[in-house]
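For reference, final.cif is printed below; it contains mmCIF, C-alpha atoms.
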```
data_model
loop_
_atom_site.label_atom_id
_atom_site.label_comp_id
_atom_site.auth_asym_id
_atom_site.auth_seq_id
_atom_site.Cartn_x
_atom_site.Cartn_y
_atom_site.Cartn_z
CA THR A 1 0.00 0.00 0.00
CA ASP A 2 1.34 3.43 -0.95
CA PRO A 3 2.38 5.88 1.79
CA LEU A 4 -0.23 8.55 2.44
CA LEU A 5 -0.46 11.94 4.16
CA LEU A 6 -3.83 13.30 5.31
CA PHE A 7 -5.00 16.86 6.19
CA THR A 8 -7.90 18.15 8.25
CA PRO A 9 -9.08 20.63 6.99
CA SER A 10 -8.00 20.31 3.36
CA TYR A 11 -7.12 24.04 3.05
CA LEU A 12 -6.72 27.19 5.18
CA SER A 13 -8.38 30.50 4.37
CA PHE A 14 -7.37 33.41 6.60
CA GLY A 15 -9.68 35.97 5.03
CA TYR A 16 -8.88 39.62 5.67
CA VAL A 17 -5.90 40.47 7.87
CA PRO A 18 -4.70 44.11 7.98
CA ASN A 19 -1.16 44.86 6.90
CA GLY A 20 1.06 44.88 9.97
CA SER A 21 -1.07 42.31 11.81
CA SER A 22 -1.13 38.52 11.79
CA SER A 23 -3.51 35.62 12.30
CA VAL A 24 -3.00 31.97 13.27
CA LEU A 25 -4.92 28.91 12.04
CA SER A 26 -4.05 25.23 12.25
CA TYR A 27 -4.48 21.92 10.46
CA ASN A 28 -4.05 18.33 11.60
CA LEU A 29 -1.49 16.24 9.74
CA SER A 30 -1.50 12.44 9.88
CA GLY A 31 -0.10 9.62 7.77
CA MET A 32 -0.03 5.88 7.15
CA ASN A 33 2.26 3.37 5.44
CA LEU A 34 5.12 5.85 5.77
CA THR A 35 8.81 5.02 5.55
CA ASP A 36 11.37 6.72 7.78
CA GLY A 37 10.78 10.41 8.43
CA PRO A 38 10.79 13.15 9.36
CA ILE A 39 8.07 15.10 7.51
CA SER A 40 9.46 18.47 6.41
CA ILE A 41 6.84 21.22 6.34
CA THR A 42 7.62 24.44 4.46
CA ALA A 43 5.41 27.54 4.16
CA PRO A 44 5.19 29.98 1.22
CA ALA A 45 6.04 33.69 1.46
CA ASN A 46 4.08 35.64 4.12
CA PHE A 47 3.13 32.40 5.89
CA THR A 48 5.09 30.67 8.69
CA VAL A 49 4.60 27.40 10.56
CA SER A 50 5.06 26.05 14.09
CA LEU A 51 4.34 22.95 16.18
CA ASN A 52 3.10 25.21 18.96
CA GLY A 53 0.26 27.70 18.72
CA GLU A 54 2.30 30.19 20.75
CA GLY A 55 5.30 29.84 18.42
CA PRO A 56 8.03 30.39 17.59
CA PHE A 57 7.03 30.44 13.92
CA SER A 58 9.47 29.88 11.08
CA GLU A 59 9.60 29.15 7.38
CA SER A 60 9.77 25.39 8.00
CA VAL A 61 9.44 22.75 10.73
CA GLN A 62 9.97 18.99 10.95
CA VAL A 63 7.60 16.40 12.37
CA THR A 64 9.06 13.17 13.69
CA TYR A 65 7.12 9.89 14.07
CA ASN A 66 7.50 6.14 14.44
CA PRO A 67 6.87 4.59 11.01
CA PRO A 68 4.68 3.49 9.43
CA THR A 69 2.13 5.73 11.20
CA LEU A 70 2.08 9.46 11.87
CA ASN A 71 -0.54 10.16 14.51
CA SER A 72 -2.60 13.32 14.12
CA THR A 73 -0.34 16.30 14.78
CA SER A 74 -1.41 19.95 14.91
CA ILE A 75 0.47 22.27 12.56
CA TYR A 76 0.02 25.97 13.31
CA VAL A 77 0.19 28.46 10.45
CA LYS A 78 0.60 32.24 10.80
CA PHE A 79 -0.34 34.66 8.02
CA THR A 80 1.44 38.04 8.09
CA PRO A 81 0.76 40.28 5.07
CA SER A 82 3.56 42.63 4.12
CA GLU A 83 1.57 44.96 1.83
CA THR A 84 -1.91 46.47 1.80
CA GLY A 85 -4.50 45.54 -0.82
CA ILE A 86 -2.96 42.20 -1.81
CA GLU A 87 -4.40 38.69 -2.30
CA TYR A 88 -1.99 36.03 -1.02
CA ASN A 89 -2.16 32.45 -2.29
CA GLY A 90 0.28 29.59 -1.85
CA GLU A 91 0.80 26.00 -0.71
CA ILE A 92 2.40 24.53 2.39
CA THR A 93 4.53 21.58 1.31
CA ASN A 94 4.58 18.42 3.47
CA VAL A 95 7.37 16.10 2.32
CA GLY A 96 8.71 12.87 3.87
CA GLY A 97 8.05 9.20 4.48
CA SER A 98 8.37 8.57 0.71
CA THR A 99 5.40 10.80 -0.10
CA SER A 100 4.34 14.44 -0.24
CA LYS A 101 1.20 16.53 -0.18
CA ASN A 102 0.51 20.27 -0.44
CA LEU A 103 -1.98 22.26 1.63
CA PRO A 104 -3.46 25.36 -0.12
CA VAL A 105 -3.43 28.56 1.96
CA THR A 106 -4.99 31.93 1.15
CA GLY A 107 -5.19 35.31 2.83
CA ARG A 108 -5.71 38.91 1.88
CA SER A 109 -4.84 42.37 3.12
CA LYS A 110 -7.53 43.84 0.89
CA ILE A 111 -10.95 44.55 2.40
CA GLN A 112 -13.79 43.04 0.41
CA TYR A 113 -17.00 45.01 0.69
CA CYS A 114 -20.49 43.62 0.22
CA GLU A 115 -22.01 43.77 -3.24
CA ALA A 116 -24.31 46.72 -3.88
CA LYS A 117 -25.83 47.48 -7.27
CA THR A 118 -29.11 47.98 -9.14
CA ASN A 119 -30.93 46.34 -12.02
CA SER A 120 -31.88 49.59 -13.76
CA CYS A 121 -31.02 53.28 -13.68
CA ASP A 122 -33.79 55.83 -13.32
CA GLU A 123 -32.90 58.01 -10.37
CA TYR A 124 -29.11 58.08 -10.04
CA ILE A 125 -26.21 59.92 -8.37
CA SER A 126 -25.24 62.80 -10.67
CA ASN A 127 -22.86 64.61 -8.28
CA VAL A 128 -21.13 64.10 -4.95
CA THR A 129 -19.44 67.04 -3.26
CA VAL A 130 -17.59 66.79 0.05
CA GLY A 131 -14.22 68.26 0.99
CA THR A 132 -12.04 68.18 -2.13
CA ILE A 133 -14.35 65.66 -3.86
CA ASN A 134 -16.58 67.16 -6.54
CA ASN A 135 -17.51 64.29 -8.84
CA SER A 136 -20.19 64.53 -11.53
CA SER A 137 -21.22 61.40 -13.45
CA GLY A 138 -24.00 59.66 -15.30
CA CYS A 139 -25.53 56.41 -14.11
CA SER A 140 -22.97 53.62 -14.16
CA VAL A 141 -23.41 50.27 -15.87
CA GLY A 142 -24.90 47.85 -13.37
CA GLY A 143 -25.85 50.68 -11.04
CA TYR A 144 -22.51 50.64 -9.18
CA ALA A 145 -19.44 52.86 -9.58
CA ASP A 146 -16.18 52.36 -7.72
CA TYR A 147 -14.70 55.83 -7.26
CA SER A 148 -12.51 54.73 -4.34
CA ASP A 149 -9.53 56.27 -6.15
CA ILE A 150 -11.17 59.66 -5.48
CA SER A 151 -10.59 60.83 -1.91
CA THR A 152 -10.71 63.74 0.51
CA ASP A 153 -9.04 64.40 3.86
CA MET A 154 -11.08 64.67 7.05
CA MET A 155 -9.84 65.45 10.53
CA ILE A 156 -11.25 63.53 13.52
CA GLY A 157 -13.92 65.61 15.28
CA GLN A 158 -14.26 68.16 12.48
CA SER A 159 -17.50 68.40 10.47
CA TYR A 160 -17.69 68.41 6.68
CA PRO A 161 -20.82 69.19 4.66
CA ILE A 162 -21.73 66.69 1.92
CA SER A 163 -24.20 67.07 -0.93
CA VAL A 164 -25.53 64.29 -3.18
CA THR A 165 -27.44 65.31 -6.29
CA ASN A 166 -30.14 63.10 -7.80
CA GLY A 167 -29.94 63.08 -11.61
CA ASN A 168 -33.60 62.11 -12.10
CA PRO A 169 -35.44 62.78 -8.84
CA TYR A 170 -38.81 61.54 -7.63
CA TYR A 171 -39.51 63.85 -4.73
CA GLY A 172 -40.66 62.05 -1.59
CA SER A 173 -40.04 58.65 -3.14
CA ASP A 174 -36.26 58.59 -3.60
CA TYR A 175 -34.07 57.91 -0.59
CA CYS A 176 -30.37 58.59 -0.16
CA GLY A 177 -28.13 56.70 2.24
CA ILE A 178 -24.54 57.56 3.18
CA TRP A 179 -22.25 55.27 5.19
CA VAL A 180 -18.57 55.35 6.22
CA ASP A 181 -16.61 52.29 7.40
CA TRP A 182 -14.84 54.18 10.16
CA ASN A 183 -13.21 51.11 11.76
CA ASN A 184 -12.10 49.75 8.38
CA ASN A 185 -13.46 46.24 8.99
CA GLY A 186 -15.30 45.86 5.68
CA SER A 187 -18.78 46.49 7.13
CA PHE A 188 -21.07 49.52 7.07
CA TYR A 189 -23.29 48.25 9.90
CA ASP A 190 -21.29 49.31 12.94
CA GLU A 191 -22.13 52.11 15.36
CA ASN A 192 -21.83 55.67 13.97
CA GLU A 193 -21.30 54.40 10.40
CA THR A 194 -24.71 55.48 9.05
CA ILE A 195 -24.29 59.15 8.18
CA MET A 196 -27.71 59.79 6.65
CA ILE A 197 -30.87 58.12 5.36
CA SER A 198 -33.27 60.70 3.94
CA ASN A 199 -35.86 61.35 1.25
CA THR A 200 -35.63 65.14 1.67
CA MET A 201 -34.18 67.04 -1.29
CA THR A 202 -33.61 70.71 -2.04
CA ASP A 203 -33.06 71.53 -5.71
CA ASP A 204 -32.66 67.79 -6.46
CA THR A 205 -29.94 67.50 -3.80
CA TYR A 206 -29.61 65.76 -0.43
CA TYR A 207 -27.53 67.48 2.26
CA SER A 208 -25.81 66.11 5.35
CA THR A 209 -22.65 66.44 7.44
CA ILE A 210 -19.85 63.94 8.03
CA THR A 211 -17.84 64.06 11.27
CA PRO A 212 -15.16 61.41 11.89
CA PRO A 213 -15.94 60.30 15.48
CA PRO A 214 -13.39 60.29 18.31
CA GLY A 215 -11.39 57.08 18.38
CA THR A 216 -11.46 56.61 14.61
CA PRO A 217 -8.18 55.04 13.44
CA VAL A 218 -6.08 57.27 11.21
CA GLY A 219 -5.96 56.08 7.60
CA SER A 220 -8.07 55.58 4.48
CA VAL A 221 -11.67 54.37 4.87
CA ARG A 222 -14.51 53.63 2.47
CA MET A 223 -17.59 55.86 2.01
CA ARG A 224 -20.66 54.40 0.29
CA ILE A 225 -23.57 56.40 -1.14
CA ARG A 226 -26.84 54.92 -2.39
CA ILE A 227 -29.92 56.45 -4.02
CA THR A 228 -32.94 54.14 -4.28
CA TYR A 229 -36.66 54.36 -5.06
CA ASP A 230 -38.94 53.69 -2.09
CA ASP A 231 -40.60 50.70 -3.82
CA ASP A 232 -37.22 49.02 -3.32
CA LEU A 233 -37.27 49.47 0.46
CA GLU A 234 -38.67 45.98 0.95
CA THR A 235 -35.58 44.67 -0.82
CA CYS A 236 -33.10 47.30 0.24
CA GLY A 237 -34.47 47.64 3.75
CA ILE A 238 -37.87 47.81 5.45
CA THR A 239 -39.50 50.10 7.95
CA ASN A 240 -38.35 49.20 11.44
CA TYR A 241 -40.51 50.68 14.20
CA GLY A 242 -41.47 53.50 11.85
CA LYS A 243 -37.91 54.20 10.72
CA ILE A 244 -36.92 53.78 7.08
CA TYR A 245 -33.99 51.42 6.69
CA VAL A 246 -31.91 51.63 3.51
CA ASP A 247 -29.30 48.90 3.19
CA PRO A 248 -25.74 49.71 2.06
CA CYS A 249 -25.56 46.18 0.61
CA GLY A 250 -27.68 44.19 -1.82
CA ILE A 251 -29.33 44.57 -5.20
CA THR A 252 -32.27 46.90 -5.86
CA THR A 253 -34.42 47.47 -8.93
CA TRP A 254 -33.77 51.20 -9.27
CA GLY A 255 -31.10 53.72 -8.32
CA GLU A 256 -27.33 53.74 -8.07
CA VAL A 257 -24.46 53.11 -5.62
CA GLU A 258 -21.07 54.87 -5.54
CA ASP A 259 -18.00 54.30 -3.34
CA TYR A 260 -15.36 56.89 -2.39
CA THR A 261 -12.40 57.15 0.02
CA ILE A 262 -11.97 59.35 3.08
CA ASN A 263 -8.46 59.90 4.45
CA VAL A 264 -8.88 60.22 8.21
CA LEU A 265 -6.36 62.53 9.89
CA SER A 266 -5.59 62.90 13.59
CA SER A 267 -7.19 65.85 15.37
CA SER A 268 -3.65 66.98 16.18
CA TYR A 269 -2.72 67.06 12.49
CA GLY A 270 -3.45 70.78 12.20
CA SER A 271 -5.98 72.93 10.40
CA LEU A 272 -7.08 71.91 6.95
CA SER A 273 -7.49 74.66 4.39
#
```
Would you mind writing the file's structure down as structure tokens?
Amino acid sequence: TDPLLLFTPSYLSFGYVPNGSSSVLSYNLSGMNLTDGPISITAPANFTVSLNGEGPFSESVQVTYNPPTLNSTSIYVKFTPSETGIEYNGEITNVGGSTSKNLPVTGRSKIQYCEAKTNSCDEYISNVTVGTINNSSGCSVGGYADYSDISTDMMIGQSYPISVTNGNPYYGSDYCGIWVDWNNNGSFYDENETIMISNTMTDDTYYSTITPPPGTPVGSVRMRIRITYDDDLETCGITNYGKIYVDPCGITTWGEVEDYTINVLSSSYGSLS
């Protein structure tokens, strides 16, 4: 019978880990019909391995055993991204006992936001103005536009007016929602992240104010803006104790969604002109 190595689970997916941080997962390695060892385990770039969950972690480790059987052994894997906005993919090699097997590993330092789009444009976002952002556009294909390469600076605790213009308004029926992912965790549902939900327009434009709250980490964060028709509120969000709820995620029939970037600065940074 051929020598065989076995994994549980069959792959490791670390998901999102911010640059400068790390995360540890593990897999169980076992084997049968093995010849003399040891099993040499080697990790790809940005991943390290250890036989102890507390470390130390290194590029490779060796597992000894009494052939022909390798009893289930925990292998700890640390993912440490070295750049922001990168998808990391590789394989941990397990070689020895006259056989080998690779374990796929993945991780990313790029935040993946929920899908948000529409099936058809009628009302749409024709202009967004806040700070140094002044972006005019038609309705995007698919009802979603990624303008995250367009940004403005905001200082923690300072207020900034924002205006969102509706390119084809239905007064009283079109709602506008604005959200900012202040804690940069890929979600718009956390406390203080809903800036505005309103169906009130003046001259086809919604108005609000954005104030980065105390405790906001310094750095670049995502702002999402959505205009939707109120017939979509059952899909996009429903009334909750009399309050209209517009969802930053999901697909609606009408409207448009746009994403931008806010560069959060410390309150001690100085005055912005």
| field | 10 Å contact set for Ala45 (chain A), all atoms listed in the file, chain neighbours under 3 positions out, as a PyMOL selection string | value | chain A and resi 42+48+59+79-82+88-92
| said: For Gly55 (chain A), find every residue with an atom within 12 Å (counting all atoms listed in the file), except residues of its own chain fewer than 4 positions away, and show them as a ChimeraX atom specification. | reply: /A:24,48-51,59,61,75-78
| task | Report as a PyMOL selection string the residues that result from applying the PyMOL selection byres ((chain A and resi 131) around 9) to the structure here. | result | chain A and resi 129-130+132-134+151-154+160-162
Those residues you just picked out, can you put them in a file as a compact mmCIF listing (two decimals), in the frame of the given file with C-alpha atoms?
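Wrote part-v3.txt, looks like this:
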```txt
# COMPACT_ATOMS: atom_id res chain seq x y z
CA THR A 129 -19.44 67.04 -3.26
CA VAL A 130 -17.59 66.79 0.05
CA THR A 132 -12.04 68.18 -2.13
CA ILE A 133 -14.35 65.66 -3.86
CA ASN A 134 -16.58 67.16 -6.54
CA SER A 151 -10.59 60.83 -1.91
CA THR A 152 -10.71 63.74 0.51
CA ASP A 153 -9.04 64.40 3.86
CA MET A 154 -11.08 64.67 7.05
CA TYR A 160 -17.69 68.41 6.68
CA PRO A 161 -20.82 69.19 4.66
CA ILE A 162 -21.73 66.69 1.92
```
| query | Of the residues A:Gln158, A:Thr209, A:Thr200, A:Ser22, which is the one nearest to Ser267 (chain A), using only C-alpha atoms? | reply |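 Checking each candidate against Ser267 (chain A), we get A:Gln158 as the closest.
Proximity of A:Ile227, A:Cys139, A:Asp146, A:Ser120 to Ser173 (chain A), computed with all atoms listed in the file, is greatest for A:Ile227.
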| message | If the PyMOL selection byres ((chain A and resi 122) around 7) were run on this exact file, what residues would it hold? Put them as a ChimeraX atom specification. | response | /A:120-121,123-124,168,254-255
| task | Could you tell me which residues the PyMOL selection byres ((chain A and resi 2) around 9) grabs in this file, written as number ranges by chain? | result | A: 1, 3-4, 32-34, 98-99
| request: Point out the residue among A:Gln62, A:Gly96, A:Pro104, A:Thr69 with the least atom-to-atom distance to Phe7 (chain A), counting all atoms listed in the file. | output: A:Pro104
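A cut-off of 8 Å from the point (-17.0, 41.3, 6.3), with all atoms listed in the file, picks out the residues Ile111, Gln112, Tyr113, Cys114, Asn185, Gly186 and Ser187 of chain A.
Relative to CA of Ser40 (chain A), CA of Gly97 (chain A) is found at 9.6 Å.
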| query | Got a sec: who's within 10 Å of region 177-182 of chain A, counting only C-alpha atoms, leaving out chain neighbours fewer than 4 positions off, as number ranges by chain? | reply | A: 113, 162, 164, 186-199, 206, 208, 210, 212-213, 215-228, 245-248, 257-262, 264
| message | Here is a test: counting all atoms listed in the file, which residue of A:Leu5, A:Thr84, A:Asn28, A:Tyr170 is nearest to Pro68 (chain A)? | response |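 Of all the options, A:Leu5 lies closest to Pro68 (chain A).
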| field | Option closest in space to Ile150 (chain A), from A:Asn52, A:Ser58, A:Asn184, A:Asn263 [counting all atoms listed in the file] | value |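 Among the listed residues, the smallest separation from Ile150 (chain A) belongs to A:Asn263.
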| field | Pairwise distance for CA of Pro56 (chain A) and CA of Thr35 (chain A), rounded to one decimal in Å | value | 28.1 Å
| What gap, in Å, lies between CA of Val17 (chain A) and CA of Asp149 (chain A)? | 21.4 Å
| task | Dump as a list in words all residues having an atom at most 6 Å from (-18.9, 65.8, -12.3), computed in the file's coordinates with only C-alpha atoms. | result | Asn127, Asn135, Ser136 and Ser137 of chain A
| field | Nearest to Glu83 (chain A), chosen from A:Thr165, A:Ser109, A:Ser266, A:Ser140, with all atoms listed in the file counted in the distances | value |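 Smallest separation from Glu83 (chain A) among the options: A:Ser109.
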